[in-house]
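Data block for start12.txt (compact mmCIF, C-alpha atoms and all ligand atoms):
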# COMPACT_ATOMS: atom_id res chain seq x y z
CA MET A 1 -19.14 22.91 77.33
CA THR A 2 -22.06 20.53 77.44
CA THR A 3 -24.38 20.75 80.42
CA ALA A 4 -25.16 17.93 82.86
CA SER A 5 -28.72 17.77 81.55
CA ALA A 6 -27.80 17.07 77.94
CA PRO A 7 -29.84 14.11 76.65
CA LYS A 8 -27.74 10.96 76.41
CA ILE A 9 -27.90 8.45 73.60
CA SER A 10 -26.39 5.00 73.51
CA PHE A 11 -25.44 3.97 69.97
CA VAL A 12 -24.84 0.50 68.54
CA SER A 13 -23.30 0.32 65.06
CA LEU A 14 -23.38 -3.04 63.29
CA GLY A 15 -22.38 -4.07 59.78
CA CYS A 16 -19.92 -2.99 57.17
CA PRO A 17 -17.74 0.14 56.89
CA LYS A 18 -20.50 1.76 54.83
CA ALA A 19 -22.93 1.38 57.72
CA LEU A 20 -20.26 2.82 60.00
CA VAL A 21 -20.19 5.96 57.88
CA ASP A 22 -23.98 6.27 58.29
CA SER A 23 -23.56 5.95 62.06
CA GLU A 24 -20.91 8.65 62.06
CA ARG A 25 -23.19 11.00 60.16
CA ILE A 26 -26.08 10.47 62.57
CA ILE A 27 -23.84 10.93 65.60
CA THR A 28 -22.31 14.07 64.11
CA ARG A 29 -25.77 15.57 63.70
CA LEU A 30 -26.84 14.56 67.20
CA ARG A 31 -23.70 15.99 68.77
CA ALA A 32 -24.24 19.22 66.83
CA GLU A 33 -27.70 19.44 68.40
CA GLY A 34 -26.31 19.04 71.90
CA TYR A 35 -26.90 15.33 72.51
CA GLU A 36 -24.23 13.32 74.31
CA LEU A 37 -23.18 9.74 73.76
CA ALA A 38 -23.69 7.29 76.62
CA ARG A 39 -21.34 4.39 77.25
CA LYS A 40 -24.08 2.02 78.39
CA HIS A 41 -27.73 1.45 77.49
CA ASP A 42 -28.63 1.53 81.13
CA GLY A 43 -29.07 5.17 82.16
CA ALA A 44 -29.17 6.54 78.59
CA ASP A 45 -32.26 8.46 77.47
CA LEU A 46 -32.57 6.22 74.44
CA VAL A 47 -30.71 3.75 72.26
CA ILE A 48 -30.15 3.82 68.49
CA VAL A 49 -29.29 0.51 66.81
CA ASN A 50 -27.86 0.75 63.28
CA THR A 51 -28.54 -2.73 61.88
CA CYS A 52 -27.06 -4.89 59.14
CA GLY A 53 -29.34 -7.03 56.97
CA PHE A 54 -26.87 -8.55 54.56
CA LEU A 55 -26.83 -12.17 55.69
CA ASP A 56 -29.24 -14.09 57.87
CA SER A 57 -26.51 -14.33 60.52
CA ALA A 58 -26.13 -10.51 60.45
CA LYS A 59 -29.90 -10.12 60.82
CA GLN A 60 -29.81 -12.35 63.88
CA GLU A 61 -26.99 -10.27 65.35
CA SER A 62 -29.08 -7.15 64.71
CA LEU A 63 -32.16 -8.67 66.36
CA ASP A 64 -30.06 -9.69 69.37
CA ALA A 65 -28.68 -6.15 69.67
CA ILE A 66 -32.21 -4.71 69.54
CA GLY A 67 -33.33 -7.25 72.17
CA GLN A 68 -30.49 -6.29 74.46
CA ALA A 69 -31.27 -2.58 74.07
CA MET A 70 -34.97 -3.23 74.79
CA ALA A 71 -34.10 -5.19 77.92
CA GLU A 72 -31.55 -2.73 79.27
CA ASN A 73 -33.20 0.52 78.24
CA GLY A 74 -36.59 0.07 76.56
CA LYS A 75 -36.50 3.19 74.36
CA VAL A 76 -35.03 1.99 71.10
CA ILE A 77 -34.78 3.49 67.60
CA VAL A 78 -33.78 1.09 64.83
CA THR A 79 -32.19 2.13 61.53
CA GLY A 80 -29.92 0.66 58.83
CA CYS A 81 -30.17 -2.10 56.26
CA MET A 82 -32.42 -4.41 58.22
CA GLY A 83 -34.83 -1.53 58.77
CA ALA A 84 -35.63 -1.58 55.04
CA GLU A 85 -37.70 -4.70 55.74
CA PRO A 86 -39.20 -3.89 59.13
CA GLU A 87 -41.61 -6.84 59.52
CA GLN A 88 -39.19 -9.14 61.32
CA ILE A 89 -38.23 -6.42 63.79
CA GLU A 90 -41.85 -5.37 64.40
CA GLN A 91 -42.76 -8.96 65.07
CA ALA A 92 -40.00 -9.60 67.57
CA TYR A 93 -40.06 -6.16 69.24
CA PRO A 94 -43.41 -4.40 68.67
CA ASN A 95 -42.46 -1.63 71.11
CA VAL A 96 -39.44 -0.17 69.35
CA LEU A 97 -39.99 3.58 68.85
CA SER A 98 -39.22 3.74 65.15
CA ILE A 99 -37.72 1.69 62.31
CA THR A 100 -36.07 3.27 59.28
CA GLY A 101 -33.89 1.99 56.43
CA PRO A 102 -30.31 2.94 55.54
CA GLN A 103 -29.36 6.60 54.91
CA GLN A 104 -32.63 7.88 56.34
CA TYR A 105 -30.80 10.30 58.59
CA GLU A 106 -33.65 12.79 58.79
CA SER A 107 -36.15 10.14 59.91
CA VAL A 108 -33.75 8.93 62.59
CA LEU A 109 -33.28 12.48 63.87
CA ASP A 110 -37.08 13.07 63.82
CA ALA A 111 -37.56 9.94 65.89
CA VAL A 112 -34.89 11.09 68.35
CA HIS A 113 -36.50 14.55 68.62
CA ARG A 114 -39.90 12.98 69.30
CA ALA A 115 -38.56 10.65 71.99
CA LYS A 116 -36.17 13.11 73.62
CA PRO A 117 -36.19 16.68 72.33
CA PRO A 118 -32.82 18.42 72.07
CA LEU A 119 -31.78 21.09 74.54
CA HIS A 120 -33.12 24.56 73.84
CA ASN A 121 -29.82 26.07 72.95
CA PRO A 122 -27.71 23.61 71.04
CA HIS A 123 -24.05 24.56 71.04
CA LEU A 124 -23.51 24.11 67.35
CA ASP A 125 -19.91 25.18 67.64
CA LEU A 126 -19.09 22.38 70.07
CA ILE A 127 -18.64 19.99 67.27
CA PRO A 128 -15.48 20.15 65.17
CA PRO A 129 -16.24 20.68 61.48
CA GLN A 130 -14.94 17.23 60.58
CA GLY A 131 -17.66 15.55 62.66
CA VAL A 132 -17.45 12.62 64.99
CA LYS A 133 -15.67 9.51 63.82
CA LEU A 134 -16.15 6.08 65.29
CA THR A 135 -12.93 4.87 63.69
CA PRO A 136 -9.67 5.94 65.41
CA ARG A 137 -8.57 9.45 64.68
CA HIS A 138 -5.75 8.53 62.32
CA TYR A 139 -7.87 6.79 59.72
CA ALA A 140 -11.35 7.42 58.39
CA TYR A 141 -13.74 5.93 55.88
CA LEU A 142 -14.83 8.21 53.09
CA LYS A 143 -18.10 7.17 51.47
CA ILE A 144 -18.32 8.41 47.88
CA SER A 145 -21.69 6.98 46.86
CA GLU A 146 -24.71 5.06 48.07
CA GLY A 147 -26.51 2.16 46.37
CA CYS A 148 -25.49 0.06 43.40
CA ASN A 149 -26.45 -0.31 39.74
CA ASN A 150 -25.32 -3.95 39.54
CA ARG A 151 -27.63 -6.87 40.15
CA CYS A 152 -25.44 -9.67 41.44
CA THR A 153 -27.80 -12.58 41.98
CA PHE A 154 -26.62 -13.38 45.52
CA CYS A 155 -26.95 -9.81 46.80
CA ILE A 156 -29.92 -7.81 48.06
CA ILE A 157 -28.08 -4.54 48.60
CA PRO A 158 -29.59 -2.81 45.52
CA LYS A 159 -33.04 -3.79 46.87
CA LEU A 160 -32.18 -2.37 50.27
CA ARG A 161 -30.21 0.70 49.18
CA GLY A 162 -31.45 1.43 45.66
CA ASP A 163 -29.47 2.40 42.58
CA LEU A 164 -26.14 4.21 42.62
CA VAL A 165 -26.24 7.78 43.93
CA SER A 166 -22.80 9.43 43.86
CA ARG A 167 -21.76 12.46 45.87
CA PRO A 168 -20.41 15.37 43.83
CA ALA A 169 -16.60 15.31 43.73
CA ALA A 170 -16.25 18.68 45.49
CA GLU A 171 -18.39 17.47 48.42
CA VAL A 172 -16.24 14.35 48.87
CA LEU A 173 -13.04 16.40 48.61
CA ARG A 174 -14.26 18.94 51.16
CA GLU A 175 -14.98 16.17 53.66
CA ALA A 176 -11.61 14.55 52.93
CA GLU A 177 -9.77 17.84 53.40
CA GLN A 178 -11.49 18.45 56.75
CA LEU A 179 -10.60 14.96 57.91
CA VAL A 180 -6.94 15.47 57.00
CA ALA A 181 -6.94 18.87 58.72
CA ALA A 182 -8.25 17.12 61.86
CA GLY A 183 -5.34 14.69 61.90
CA VAL A 184 -6.52 11.80 59.72
CA LYS A 185 -3.52 10.16 58.03
CA GLU A 186 -5.33 7.55 55.99
CA LEU A 187 -8.54 7.85 53.96
CA LEU A 188 -10.36 4.65 53.06
CA VAL A 189 -12.52 5.24 50.02
CA VAL A 190 -15.65 3.05 50.24
CA SER A 191 -18.90 2.48 48.36
CA GLN A 192 -20.65 -0.59 46.93
CA ASP A 193 -18.85 -0.18 43.60
CA THR A 194 -16.10 2.43 43.82
CA SER A 195 -15.09 2.14 40.17
CA ALA A 196 -18.66 3.04 39.07
CA TYR A 197 -18.40 6.37 40.87
CA GLY A 198 -20.11 9.23 39.03
CA VAL A 199 -21.95 7.17 36.39
CA ASP A 200 -25.30 8.44 37.72
CA LEU A 201 -24.03 12.05 37.63
CA LYS A 202 -22.84 11.57 34.06
CA TYR A 203 -19.43 12.44 35.53
CA ALA A 204 -20.52 16.07 36.09
CA ALA A 205 -17.78 18.42 37.29
CA SER A 206 -18.08 20.47 40.49
CA PRO A 207 -15.95 23.44 41.58
CA TRP A 208 -13.03 22.57 43.88
CA LYS A 209 -10.42 25.22 44.77
CA ASP A 210 -9.43 26.95 41.52
CA ARG A 211 -10.61 24.14 39.24
CA GLU A 212 -13.47 21.90 38.22
CA VAL A 213 -13.26 18.24 39.20
CA ARG A 214 -15.29 15.65 37.36
CA ALA A 215 -17.13 12.94 39.29
CA ARG A 216 -14.93 10.23 37.80
CA PHE A 217 -13.06 7.50 39.64
CA PHE A 218 -9.68 8.58 38.26
CA ASP A 219 -10.24 12.34 38.75
CA LEU A 220 -11.42 11.87 42.32
CA ALA A 221 -8.52 9.54 43.18
CA ARG A 222 -6.06 12.03 41.66
CA GLU A 223 -7.43 14.93 43.73
CA LEU A 224 -7.59 12.86 46.92
CA GLY A 225 -3.95 12.00 46.29
CA GLU A 226 -3.07 15.69 46.62
CA LEU A 227 -4.28 15.97 50.22
CA GLY A 228 -1.17 14.48 51.83
CA ALA A 229 -2.81 11.41 53.40
CA TRP A 230 -2.68 7.75 52.48
CA VAL A 231 -5.58 7.01 50.11
CA ARG A 232 -6.80 3.41 50.00
CA LEU A 233 -9.31 2.29 47.38
CA GLN A 234 -11.78 -0.39 48.40
CA TYR A 235 -14.52 -2.27 46.52
CA VAL A 236 -13.20 -1.64 43.03
CA TYR A 237 -14.13 -3.78 40.02
CA PRO A 238 -11.63 -4.54 37.25
CA TYR A 239 -13.15 -2.29 34.59
CA PRO A 240 -10.73 -1.08 31.91
CA HIS A 241 -10.74 2.48 33.30
CA VAL A 242 -9.20 1.21 36.56
CA ASP A 243 -5.93 0.88 34.58
CA GLU A 244 -5.47 4.67 34.73
CA VAL A 245 -5.41 4.65 38.53
CA ILE A 246 -2.39 2.33 38.58
CA GLY A 247 -0.34 5.29 37.32
CA LEU A 248 -1.36 7.26 40.43
CA MET A 249 -0.08 4.36 42.53
CA THR A 250 3.24 4.27 40.72
CA ASP A 251 3.55 8.01 41.33
CA GLY A 252 2.88 7.52 45.06
CA LYS A 253 -0.37 9.53 44.98
CA VAL A 254 -2.65 6.72 46.14
CA LEU A 255 -1.65 3.53 47.94
CA PRO A 256 -0.62 0.60 45.71
CA TYR A 257 -3.56 -1.41 47.01
CA LEU A 258 -6.80 -2.53 45.44
CA ASP A 259 -9.62 -4.36 47.14
CA ILE A 260 -11.47 -6.13 44.32
CA PRO A 261 -14.19 -8.56 45.37
CA PHE A 262 -13.78 -11.05 42.49
CA GLN A 263 -16.05 -13.67 44.18
CA HIS A 264 -15.11 -16.33 41.58
CA ALA A 265 -13.03 -16.93 38.48
CA SER A 266 -14.96 -19.51 36.48
CA PRO A 267 -16.79 -17.71 33.64
CA GLU A 268 -19.83 -19.97 34.12
CA VAL A 269 -20.16 -19.18 37.83
CA LEU A 270 -19.53 -15.48 37.26
CA LYS A 271 -22.30 -15.46 34.68
CA ARG A 272 -24.74 -17.04 37.12
CA MET A 273 -23.62 -14.55 39.77
CA ARG A 274 -24.11 -11.74 37.23
CA ARG A 275 -20.91 -10.06 38.39
CA PRO A 276 -19.84 -6.70 36.99
CA ALA A 277 -16.68 -6.48 34.85
CA ALA A 278 -16.41 -10.25 34.77
CA GLN A 279 -14.59 -11.06 31.57
CA ASP A 280 -11.77 -13.42 30.86
CA ARG A 281 -9.24 -10.62 30.47
CA THR A 282 -9.00 -10.12 34.24
CA LEU A 283 -5.83 -12.20 34.65
CA ALA A 284 -4.09 -10.31 31.86
CA ARG A 285 -5.20 -7.04 33.43
CA ILE A 286 -3.73 -8.05 36.81
CA LYS A 287 -0.44 -8.97 35.15
CA THR A 288 -0.24 -5.62 33.38
CA TRP A 289 -0.97 -3.77 36.64
CA ARG A 290 1.76 -5.70 38.44
CA ALA A 291 4.26 -5.04 35.66
CA GLN A 292 3.50 -1.34 35.93
CA CYS A 293 3.36 -1.24 39.73
CA PRO A 294 5.32 -4.14 41.27
CA ASP A 295 4.35 -3.11 44.81
CA LEU A 296 0.63 -3.49 44.09
CA THR A 297 -1.24 -5.45 46.78
CA LEU A 298 -4.49 -7.11 45.80
CA ARG A 299 -7.15 -8.14 48.27
CA SER A 300 -10.24 -10.03 47.30
CA THR A 301 -13.13 -12.12 48.53
CA PHE A 302 -14.46 -15.34 47.03
CA ILE A 303 -17.61 -17.41 47.41
CA VAL A 304 -17.38 -21.21 47.22
CA GLY A 305 -20.36 -23.50 46.79
CA PHE A 306 -22.45 -21.11 44.69
CA PRO A 307 -25.42 -23.01 43.14
CA GLY A 308 -24.25 -25.00 40.13
CA GLU A 309 -20.51 -24.71 40.97
CA THR A 310 -18.98 -27.92 39.59
CA GLU A 311 -15.71 -29.63 40.49
CA SER A 312 -14.20 -28.20 37.33
CA ASP A 313 -15.43 -24.64 38.14
CA PHE A 314 -13.75 -24.98 41.52
CA ALA A 315 -10.52 -26.37 40.02
CA TYR A 316 -10.53 -23.41 37.63
CA LEU A 317 -10.78 -21.06 40.61
CA LEU A 318 -7.81 -22.71 42.37
CA ASP A 319 -5.66 -22.51 39.23
CA TRP A 320 -6.69 -18.91 38.74
CA LEU A 321 -5.64 -18.09 42.31
CA ASP A 322 -2.20 -19.58 41.65
CA GLU A 323 -1.77 -17.43 38.58
CA ALA A 324 -3.27 -14.24 39.95
CA GLU A 325 -1.32 -14.48 43.24
CA ILE A 326 -3.85 -12.41 45.16
CA ASP A 327 -2.11 -11.20 48.32
CA ARG A 328 -5.04 -11.31 50.73
CA VAL A 329 -8.16 -13.39 50.44
CA GLY A 330 -11.38 -13.72 52.37
CA CYS A 331 -13.52 -16.73 51.50
CA PHE A 332 -17.18 -17.40 52.25
CA LYS A 333 -19.30 -20.47 51.86
CA TYR A 334 -22.35 -19.53 49.81
CA GLU A 335 -25.32 -18.83 52.04
CA PRO A 336 -28.77 -18.03 50.61
CA VAL A 337 -30.02 -14.60 51.63
CA ALA A 338 -33.78 -14.03 51.89
CA GLY A 339 -34.91 -12.16 48.78
CA ALA A 340 -31.84 -12.95 46.62
CA THR A 341 -32.38 -14.14 43.03
CA SER A 342 -29.71 -16.85 43.41
CA ASN A 343 -32.04 -18.74 45.76
CA THR A 344 -33.96 -20.02 42.76
CA LEU A 345 -30.88 -21.29 40.88
CA ALA A 346 -30.59 -25.02 40.21
CA ASP A 347 -28.07 -27.45 41.68
CA PRO A 348 -27.38 -26.21 45.19
CA VAL A 349 -24.03 -27.45 46.52
CA PRO A 350 -24.26 -29.66 49.64
CA ASP A 351 -22.84 -28.20 52.84
CA GLU A 352 -20.07 -30.78 53.20
CA ILE A 353 -18.77 -30.01 49.71
CA LYS A 354 -18.90 -26.30 50.47
CA ALA A 355 -16.80 -26.95 53.58
CA GLU A 356 -14.30 -29.09 51.63
CA ARG A 357 -13.90 -26.42 48.98
CA TRP A 358 -13.55 -23.71 51.58
CA ASN A 359 -10.74 -25.66 53.29
CA ALA A 360 -9.01 -26.38 49.99
CA LEU A 361 -9.15 -22.75 48.89
CA MET A 362 -7.88 -21.43 52.21
CA ALA A 363 -5.00 -23.94 52.24
CA ARG A 364 -3.98 -22.96 48.71
CA GLN A 365 -4.25 -19.28 49.50
CA ARG A 366 -2.24 -19.57 52.71
CA LYS A 367 0.71 -20.72 50.65
CA ILE A 368 0.31 -17.91 48.13
CA SER A 369 -0.01 -15.25 50.83
CA ALA A 370 2.96 -16.60 52.77
CA ARG A 371 5.08 -16.62 49.62
CA ARG A 372 4.19 -13.04 48.81
CA LEU A 373 4.76 -11.89 52.39
CA LYS A 374 8.20 -13.55 52.52
CA ARG A 375 9.37 -11.37 49.65
CA LYS A 376 9.13 -8.43 52.00
CA VAL A 377 11.78 -9.69 54.41
CA GLY A 378 14.79 -7.38 54.16
CA THR A 379 12.79 -4.52 52.61
CA ARG A 380 11.94 -1.21 54.20
CA GLN A 381 8.25 -0.40 54.54
CA GLN A 382 6.38 2.61 55.76
CA VAL A 383 4.17 1.68 58.71
CA ILE A 384 1.28 3.61 60.20
CA ILE A 385 1.04 2.95 63.93
CA ASP A 386 -2.37 1.76 65.21
CA GLN A 387 -1.52 0.66 68.74
CA VAL A 388 1.46 1.25 70.99
CA GLY A 389 3.03 -1.05 73.58
CA PRO A 390 6.04 -0.79 75.91
CA THR A 391 8.58 -2.10 73.37
CA VAL A 392 6.66 -3.18 70.30
CA ALA A 393 4.01 -1.20 68.42
CA LYS A 394 1.39 -2.62 66.10
CA GLY A 395 0.83 -0.96 62.76
CA ARG A 396 0.09 -1.51 59.12
CA SER A 397 2.08 -1.15 55.93
CA LYS A 398 0.63 0.28 52.73
CA ALA A 399 -0.40 -3.29 51.91
CA ASP A 400 -2.66 -3.66 54.95
CA ALA A 401 -6.14 -2.18 55.34
CA PRO A 402 -7.36 -1.81 58.91
CA GLU A 403 -9.47 -4.59 60.40
CA ILE A 404 -9.23 -6.98 57.45
CA ASP A 405 -5.54 -7.43 56.60
CA GLY A 406 -2.40 -8.31 58.54
CA SER A 407 -0.30 -6.17 60.86
CA VAL A 408 3.31 -5.10 61.14
CA TYR A 409 4.86 -5.41 64.60
CA VAL A 410 7.70 -2.96 65.00
CA SER A 411 10.18 -2.49 67.81
CA SER A 412 11.58 0.95 68.37
CA ARG A 413 14.16 2.67 70.55
CA ARG A 414 11.85 5.60 71.21
CA PRO A 415 8.16 5.36 72.09
CA LEU A 416 5.91 5.63 69.06
CA LYS A 417 2.62 7.49 68.79
CA VAL A 418 -0.66 6.26 67.39
CA GLY A 419 -1.09 7.65 63.88
CA GLU A 420 2.63 8.22 63.38
CA ILE A 421 4.11 6.91 60.11
CA VAL A 422 7.57 5.36 60.49
CA THR A 423 9.91 3.40 58.25
CA ALA A 424 10.57 -0.15 59.40
CA ARG A 425 13.03 -2.77 58.26
CA ILE A 426 11.19 -6.09 57.90
CA GLU A 427 13.03 -8.93 59.60
CA ARG A 428 10.61 -11.86 59.50
CA THR A 429 7.07 -12.94 58.68
CA ASP A 430 4.56 -15.36 60.02
CA GLU A 431 1.43 -16.54 58.28
CA TYR A 432 -0.26 -13.15 58.04
CA ASP A 433 1.92 -10.56 59.76
CA LEU A 434 5.30 -8.89 59.41
CA HIS A 435 7.83 -8.16 62.16
CA GLY A 436 10.62 -5.61 62.08
CA SER A 437 12.26 -2.63 63.70
CA VAL A 438 12.07 1.08 63.09
CA SER A 439 14.82 2.36 60.83
CA GLY A 440 13.57 5.89 60.23
CA PHE A 441 11.01 8.43 61.30
S1 LIG B 501 -21.76 -5.00 43.14
FE1 LIG B 501 -23.06 -6.78 43.35
S2 LIG B 501 -22.51 -7.58 45.39
FE2 LIG B 501 -21.81 -5.46 45.34
S3 LIG B 501 -23.53 -4.28 46.15
FE3 LIG B 501 -23.74 -4.26 43.94
S4 LIG B 501 -25.14 -5.96 43.54
FE4 LIG B 501 -24.33 -6.27 45.60
Rewrite the coordinates I just gave you, this time as structure tokens.
Amino acid sequence: MTTASAPKISFVSLGCPKALVDSERIITRLRAEGYELARKHDGADLVIVNTCGFLDSAKQESLDAIGQAMAENGKVIVTGCMGAEPEQIEQAYPNVLSITGPQQYESVLDAVHRAKPPLHNPHLDLIPPQGVKLTPRHYAYLKISEGCNNRCTFCIIPKLRGDLVSRPAAEVLREAEQLVAAGVKELLVVSQDTSAYGVDLKYAASPWKDREVRARFFDLARELGELGAWVRLQYVYPYPHVDEVIGLMTDGKVLPYLDIPFQHASPEVLKRMRRPAAQDRTLARIKTWRAQCPDLTLRSTFIVGFPGETESDFAYLLDWLDEAEIDRVGCFKYEPVAGATSNTLADPVPDEIKAERWNALMARQRKISARRLKRKVGTRQQVIIDQVGPTVAKGRSKADAPEIDGSVYVSSRRPLKVGEIVTARIERTDEYDLHGSVSGF
């Protein structure tokens, strides 16, 4: 049991799922040392803000969160992506206790110890071995590497996070196994470039159970698929070796779902973006995957209005979308990010054209998504329950990642539990979601 005098920390986690994993690691360490989490800044011993520095709008959100913590508490430790370039924070809030960049767990803990030392006798065994997760108990993000070897011109992540550093396969598998043992039903594999996993380690093997597992995308996915949880692969690029993983999907080992941030389709734009694995064979590759695994769901993001994007580049993208039939799409209007190489590219696209293209792409995609969703009416789908209500529960099929995709609303004769996986018969769809009733447990 924790004592009443345990130091209390209020934690704000901003940014992407990768930043969330960093937050979870820091919190796990703090809890292991006897710190407690506070619900509010006011009354906490100090506040940690894990920032995001990806877009200017995210930086502003981070600065606002720091400002709020300063006003309500006054003892504030800043970490995360925006901390890699501390000047802006120092200028706005010269009294923050410390500023560190992403993955600098030790420095964050040092700063916490300086500001509020841990209790004398930390109850190390208070913390379950799987750590503290900020995501609900039934799904968890599994970070397999940090950093990125690509140099996309619109992105500053390699500057902030450095080159790719992969975790040995056995370390990832141990964490995954502990999460499953603690009740996690779905593992979301994340990194900046999941398909590049292990390149930096030269795919070195590490000992796992009675065998050696190489740090390779396919080998890791295969082993994760043996743990008995749903395994969802995010941030994958269409390299040829991704083809092998489709077989694991057909065999039901990993979910038939790929999140591939294509960002564009026009070869000219892709060249200026310097995107990895951007060759013209992508459409053919998608068709082969679908032939092999008809249930495959593809999610992607696109940027419209990238400098130099012409009407014909954009028309190419729309035609490509029709052919590729991507199930789920997120679209962004290009926004220059301080420090990105793309800022110096010629022919910026005016804002009103960006907006027009954004509307046109979303309208086209809505039709494609609706068409693909409609095909599911009358089928049976497994659904993992995220939220329960008196008569209808909200969940997700294998085609839906948490937070970014649609939902499945299921009615059931008996009350359902969060994290339970049921079979539902799909009765109707709307623009993004499915509706049905439970037909099996
Ligand atoms: S793949 Fe490109 S966009 Fe993604 S993190 Fe690496 S450099 Fe940035």
Legend entry - Which residue of A:Ala169, A:Leu255, A:Val180, A:Ala340 approaches ligand LIG 501 (chain B) most closely, using all atoms listed in the file: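 Ranked by minimum distance to ligand LIG 501 (chain B), first place goes to A:Ala340.
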Inset, instruction - For ligand LIG 501 (chain B), collect every residue having any atom at a distance of at most 12 Å from a ligand atom (counting only C-alpha atoms and all ligand atoms); output as a ChimeraX atom specification. - result: /A:16,18,54-55,145-164,190-196,234-238,260-263,270,273-278,301-303,337,340-342
Inset, instruction - Could you jot down the atom CA of Leu63 of chain A to atom CA of Asp45 of chain A separation for me, Å, one decimal place? - result: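 Separation between atom CA of Leu63 of chain A and atom CA of Asp45 of chain A: 20.4 Å.
Atom CA of Pro118 of chain A to atom CA of Pro7 of chain A spans 7.0 Å [interatomic distance, one decimal].
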Inset, instruction - Using all atoms listed in the file, find the one residue out of A:Pro267, A:Pro415, A:Gly308, A:Pro402 that sits nearest to Arg232 of chain A. - result: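 For Arg232 of chain A, the nearest of the candidates is A:Pro402.
For the atom pair formed by atom CA of Leu361 of chain A and atom CA of Pro336 of chain A, the distance is 20.3 Å, given to one decimal.
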Inset, instruction - With a distance cut-off of 10 Å and only C-alpha atoms, select the neighbouring residues of Pro390 of chain A, excluding the residue or stretch itself and same-chain residues fewer than 3 positions from it, and output the selection as a list in words. - result: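 The filter keeps Ala393, Ser411, Ser412, Arg414, Pro415 and Leu416 of chain A.
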Could those residues be written to a file, using C-alpha atoms, as a short mmCIF file (atom, residue, chain, number, x, y, z; two decimals), keeping the file's coordinate frame?
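Below you can see out.cif, which holds the result:
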data_model
loop_
_atom_site.label_atom_id
_atom_site.label_comp_id
_atom_site.auth_asym_id
_atom_site.auth_seq_id
_atom_site.Cartn_x
_atom_site.Cartn_y
_atom_site.Cartn_z
CA ALA A 393 4.01 -1.20 68.42
CA SER A 411 10.18 -2.49 67.81
CA SER A 412 11.58 0.95 68.37
CA ARG A 414 11.85 5.60 71.21
CA PRO A 415 8.16 5.36 72.09
CA LEU A 416 5.91 5.63 69.06
#
Inset, instruction - Have a look at A:Leu134, A:Ala324, A:Leu20, A:Met70 and name the one nearest to His41 of chain A; count only C-alpha atoms. - result: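 Answer, going by the shortest atom-to-atom distance: A:Met70.
Of the listed residues (A:Gly395, A:Gly330, A:Gly43, A:Gly436), A:Gly436 comes nearest to Arg380 of chain A; the distances count all atoms listed in the file.
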Inset, instruction - Identify which of the residues A:Val78, A:Cys293, A:Val172, A:Val189 lies closest to Met249 of chain A, counting all atoms listed in the file when measuring atom-to-atom distances. - result: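 Ranking A:Val78, A:Cys293, A:Val172, A:Val189 by distance to Met249 of chain A, first place goes to A:Cys293.
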